[in-house]
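Beneath this line is the structure, given in structure tokens, with notes to follow.
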Amino acid sequence: MSLPLYRQDPEPTLATEGNRGLWYNRFFNRYTAEWTIPDTGKTQWVSENAGIIGQREVLQTQALRQLALITALGGRGAVFETDWHFATGLGLPHPVENGLAWHHTLGIPYLAGSGVKGLVRAWVEVWDDTLNAEEKTRRIIRWFGDLQQAGQFRFFDALPVEPVMLTADVMTPHMDQWYEKGGKIGESGEDLHRRIPADWHNPVPVPFLVVQKAKLLVGIAPRRPEFAGELPQVFAALKQALDGLGAGAKTAAGYGRMVDDAGATVSLREKAEQVREREADRNRSPQQRALRALQRRFETDRERGVKEAGGELIGQTNQWLKEGLTWPKPDREELAVLAETIFGYVGWGNNAKKRERKDKIAALRASTTPTPG
């Protein structure tokens with residue numbers, strides 16, 4: 001029989017920027033020669049895969065793309081930070097007995113959109129005491145759909161926006177045979193004493209990986225524009241569910257609670273706006289790009305309360321006014337408006353300069369006015 005990949009020479013290793021999820025799920029190498037797994041092997045594997053994982057730039061890029069998609073669909077995205085441990089995908093098969101839901105390409109733990117949807121639905125169905133039974137039924141069908149129709153909202157995968165801290169955790173079930181064979185408790189057999197739930201059983205440590213610290217982008221969007229009116233209510237239910245119920249596994253033990261991180265959300269939206277601005281710049285004429293740069297410089301001075309603008313800002317505005325009549329028509333009008341705003345704030349200068357500058361602005365406006373007839 002040929003040896004498995006991880007028994008070949010040289011033995012494979014995980015690269016610095018490798019996919020941790022692929023490594024954790026497919027390259028487990030703690031088997032003995034008899035193809036058994038000692039408890040120490042499980043513990044070692046879990047501990048060795050703990051730590052900070054994920055590439056910051058890759059995660060930021062993916063988060064910005066997802067936020068752009070959510071926004072384009074008329075939805076809303078927000079960053080939530082884990083309050084304590086977060087476990088997702090523990091029921092997935094793995095040699096250590098507890099799996100973890102890893103994103104296939106990013107190689108980091110995440111919460112699938114179906115999990116986000118199920119969490120919000122559970123909140124509405126069981127915990128929302130502002131609705132009576134009939135109102136809950138209507139809302140569930142409307143928001144989440146049924147066999148006849150799709151729900152009015154799309155729920156996106158919750159993805160980390162920055163590297164994630166993983167830590168080794170352990171559960172210690174005391175009555176494993178009762179959980180496995182409790183239905184056969186009435187049958188005789190040598191293992192009957194193990195099937196009976198009692199305090200003489202020894203704990204069985206089971207190691208597993210959990211997310212200790214993470215910030216995840218969670219997004220919801222209406223399936224059609226006319227459904228957007230209820231989006232604030234859906235998002236409010238999401239916040240209450242994450243804070244009150246928690247997401248993922250072991251929520252009864254306090255895992256999975258998340259709180260809205262307003263600062264991280266604002267920061268992500270600002271970066272998304274910068275990306276959109278850069279993308280828009282690529283399609284602008286050189287004159288439009290120059291106007292945008294001039295406007296940003298002026299807005300910065302105004303935000304700082306600088307009344308006496310530097311000579312660079314005034315000099316650049318004068319330069320564009322001299323060249324403005326050679327610009328495309330839409331850009332001439334925009335230049336006239338911006339120049340008037342700038343000089344209206346910093347001052348027009350002495351009478352001669354004021355007259356000269358106003359004449360140039362008037363000429364720009366006149367050149368964009370359609371000729372009668």
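Each chain in the structure tokens gets a letter, A, B, ..., in the order shown, and its residues are numbered from 1; ligands are numbered from 1 in order too.
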Contacts of segment 309-326 of chain A at 7 Å or less, counting only C-alpha atoms, minus same-chain residues fewer than 5 places along, as a VMD selection string? chain A and resid 301 332 339 346 360 364
Would you save the residues of that selection, restricted to N, CA and C atoms, as a PDB file, in the first residue's frame?
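Output contents, as saved in part-v2.pdb:
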ATOM      1  N   ASP A 301      -8.761  72.295   3.876  1.00  0.00           N
ATOM      2  CA  ASP A 301      -8.513  73.599   4.508  1.00  0.00           C
ATOM      3  C   ASP A 301      -9.753  74.096   5.244  1.00  0.00           C
ATOM      4  N   ARG A 332     -15.973  72.901 -17.731  1.00  0.00           N
ATOM      5  CA  ARG A 332     -15.912  74.367 -17.572  1.00  0.00           C
ATOM      6  C   ARG A 332     -16.917  74.838 -16.526  1.00  0.00           C
ATOM      7  N   ALA A 339     -14.444  77.370  -8.464  1.00  0.00           N
ATOM      8  CA  ALA A 339     -13.652  78.590  -8.274  1.00  0.00           C
ATOM      9  C   ALA A 339     -14.443  79.637  -7.496  1.00  0.00           C
ATOM     10  N   VAL A 346     -12.169  82.125   0.725  1.00  0.00           N
ATOM     11  CA  VAL A 346     -10.866  82.695   1.106  1.00  0.00           C
ATOM     12  C   VAL A 346     -10.764  84.191   0.773  1.00  0.00           C
ATOM     13  N   LYS A 360     -13.357  85.883 -15.572  1.00  0.00           N
ATOM     14  CA  LYS A 360     -12.993  84.563 -16.102  1.00  0.00           C
ATOM     15  C   LYS A 360     -14.079  83.535 -15.790  1.00  0.00           C
ATOM     16  N   LEU A 364     -16.367  81.468 -18.502  1.00  0.00           N
ATOM     17  CA  LEU A 364     -16.554  80.016 -18.504  1.00  0.00           C
ATOM     18  C   LEU A 364     -18.027  79.649 -18.597  1.00  0.00           C
TER      19      LEU A 364
END
Do you know which residues are at most 12 Å from Gln149 of chain A counting only C-alpha atoms, after dropping those on the same chain fewer than 5 positions away, and could you put them as a PyMOL selection string? chain A and resi 140-144+223
Of the listed residues A:Gln212, A:Gln44, A:Thr16, A:Ser267, that which approaches Glu81 of chain A most closely, counting only C-alpha atoms: A:Gln212
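Neighbouring residues of segment 95-109 of chain A at 7 Å or closer, counting only C-alpha atoms and skipping chain neighbours under 3 positions away, are A:Asn19, A:Arg20, A:Gly21, A:Leu22, A:Lys42, A:Gly54, A:Thr88, A:Gly89, A:Leu90, A:Gly91, A:Leu92, A:Phe208.
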Write down as a PyMOL selection string the residues belonging to segment 45-199 of chain A that are assigned alpha helix (DSSP H) by DSSP computed on the backbone. chain A and resi 45-48+56-72+113-122+133-144+176-181+192-195
Now that the selection is made, can you save its residues with C-alpha atoms as a compact mmCIF listing (two decimals), in the first residue's frame?
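Printed below is again.txt as written:
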# COMPACT_ATOMS: atom_id res chain seq x y z
CA TRP A 45 -2.78 19.18 16.26
CA VAL A 46 -5.27 21.63 17.70
CA SER A 47 -2.60 23.56 19.62
CA GLU A 48 -0.27 23.77 16.63
CA ARG A 56 -4.70 41.41 6.36
CA GLU A 57 -4.60 42.82 2.82
CA VAL A 58 -6.48 39.86 1.35
CA LEU A 59 -9.17 40.03 4.02
CA GLN A 60 -9.56 43.79 3.62
CA THR A 61 -9.88 43.47 -0.15
CA GLN A 62 -12.51 40.74 0.16
CA ALA A 63 -14.45 42.73 2.77
CA LEU A 64 -14.45 45.83 0.55
CA ARG A 65 -15.69 43.81 -2.41
CA GLN A 66 -18.47 42.24 -0.38
CA LEU A 67 -19.49 45.59 1.11
CA ALA A 68 -19.57 47.09 -2.41
CA LEU A 69 -21.88 44.28 -3.56
CA ILE A 70 -24.15 44.66 -0.54
CA THR A 71 -24.33 48.43 -1.07
CA ALA A 72 -25.00 48.07 -4.79
CA GLY A 113 -25.03 33.17 5.12
CA SER A 114 -27.44 30.33 5.86
CA GLY A 115 -26.29 30.48 9.49
CA VAL A 116 -26.90 34.23 9.64
CA LYS A 117 -30.35 33.72 8.16
CA GLY A 118 -31.18 30.93 10.60
CA LEU A 119 -30.03 33.05 13.53
CA VAL A 120 -32.26 35.99 12.59
CA ARG A 121 -35.17 33.65 11.93
CA ALA A 122 -34.75 32.00 15.35
CA ALA A 133 -48.15 34.55 16.78
CA GLU A 134 -49.93 35.66 13.61
CA GLU A 135 -47.55 38.58 13.04
CA LYS A 136 -44.54 36.31 13.54
CA THR A 137 -45.83 33.85 10.95
CA ARG A 138 -46.37 36.59 8.39
CA ARG A 139 -42.95 38.11 9.06
CA ILE A 140 -41.18 34.76 8.80
CA ILE A 141 -42.77 34.01 5.43
CA ARG A 142 -42.12 37.55 4.21
CA TRP A 143 -38.48 37.84 5.31
CA PHE A 144 -37.28 34.24 4.93
CA ASP A 176 -20.06 9.70 26.29
CA GLN A 177 -21.73 6.27 26.13
CA TRP A 178 -24.97 7.70 27.48
CA TYR A 179 -24.97 10.25 24.67
CA GLU A 180 -24.17 7.57 22.09
CA LYS A 181 -26.19 4.60 23.38
CA LEU A 192 -24.52 -1.40 30.61
CA HIS A 193 -22.77 0.42 33.46
CA ARG A 194 -21.25 2.82 30.91
CA ARG A 195 -24.60 3.52 29.29
Which residues, written as a PyMOL selection string, have at least one atom at most 12 Å from Asp260 of chain A, with only C-alpha atoms counted and residues fewer than 3 positions away on the same chain left out? chain A and resi 77-83+215-218+235-236+238-243+257+263-266
May I have the residues from that selection written out with C-alpha atoms, as a PDB file, in the first residue's frame?
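To be explicit, this is the file written out as selection-v9.pdb:
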ATOM      1  CA  GLY A  77     -23.309  45.829   6.059  1.00  0.00           C
ATOM      2  CA  ALA A  78     -21.813  46.246   9.526  1.00  0.00           C
ATOM      3  CA  VAL A  79     -18.820  44.910  11.430  1.00  0.00           C
ATOM      4  CA  PHE A  80     -19.469  42.851  14.563  1.00  0.00           C
ATOM      5  CA  GLU A  81     -16.795  41.892  17.089  1.00  0.00           C
ATOM      6  CA  THR A  82     -16.832  38.653  19.043  1.00  0.00           C
ATOM      7  CA  ASP A  83     -17.505  39.162  22.739  1.00  0.00           C
ATOM      8  CA  LYS A 215     -14.289  41.141  13.582  1.00  0.00           C
ATOM      9  CA  LEU A 216     -16.741  39.980  10.950  1.00  0.00           C
ATOM     10  CA  LEU A 217     -18.600  41.846   8.241  1.00  0.00           C
ATOM     11  CA  VAL A 218     -22.262  40.816   8.270  1.00  0.00           C
ATOM     12  CA  PHE A 235     -30.903  44.547  10.816  1.00  0.00           C
ATOM     13  CA  ALA A 236     -32.247  45.391  14.258  1.00  0.00           C
ATOM     14  CA  LEU A 238     -29.773  40.691  13.572  1.00  0.00           C
ATOM     15  CA  LYS A 239     -28.140  42.872  16.245  1.00  0.00           C
ATOM     16  CA  GLN A 240     -30.454  41.569  18.943  1.00  0.00           C
ATOM     17  CA  ALA A 241     -29.853  37.956  17.890  1.00  0.00           C
ATOM     18  CA  LEU A 242     -26.045  38.297  17.838  1.00  0.00           C
ATOM     19  CA  ASP A 243     -26.007  40.044  21.207  1.00  0.00           C
ATOM     20  CA  ARG A 257     -22.042  36.562  21.181  1.00  0.00           C
ATOM     21  CA  GLY A 263     -15.884  52.380  14.619  1.00  0.00           C
ATOM     22  CA  ALA A 264     -14.774  49.442  12.477  1.00  0.00           C
ATOM     23  CA  THR A 265     -17.904  49.802  10.322  1.00  0.00           C
ATOM     24  CA  VAL A 266     -17.233  53.496   9.681  1.00  0.00           C
TER      25      VAL A 266
END
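Of the listed residues A:Ala352, A:Leu73, A:Ala221, A:Ala247, the one whose atoms come nearest to Tyr110 of chain A is A:Ala247, with distances taken using only C-alpha atoms.
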So the first atom is atom CA of Trp127 of chain A and the second is atom CA of Gly246 of chain A; what is the distance between them in Å, to one decimal place? 12.7 Å
All strand (DSSP E) positions in segment 124-361 of chain A, as JSON, numbers by chain: {"A": [153, 154, 155, 159, 160, 164, 165, 166, 167, 168, 169, 170, 171, 206, 207, 208, 209, 210, 211, 212, 213, 215, 216, 217, 218, 219, 220, 221, 222, 258, 259, 260]}
Considering only C-alpha atoms, return as a PyMOL selection string whatever protein or nucleic-acid residues lie within 12 Å of Trp327 of chain A, sequence-local ones (same chain, fewer than 5 positions apart) excluded. chain A and resi 285-288+290-291+320-322+332-336+364+367-368
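Of the listed residues A:Phe156, A:Phe27, A:Trp123, A:Tyr255, the one whose atoms come nearest to Ala237 of chain A is A:Trp123, with distances taken using only C-alpha atoms.
Proximity to Arg30 of chain A was assessed for A:Val275, A:Gln233, A:Thr43, A:Asn202 counting only C-alpha atoms; the smallest distance is recorded for A:Thr43.
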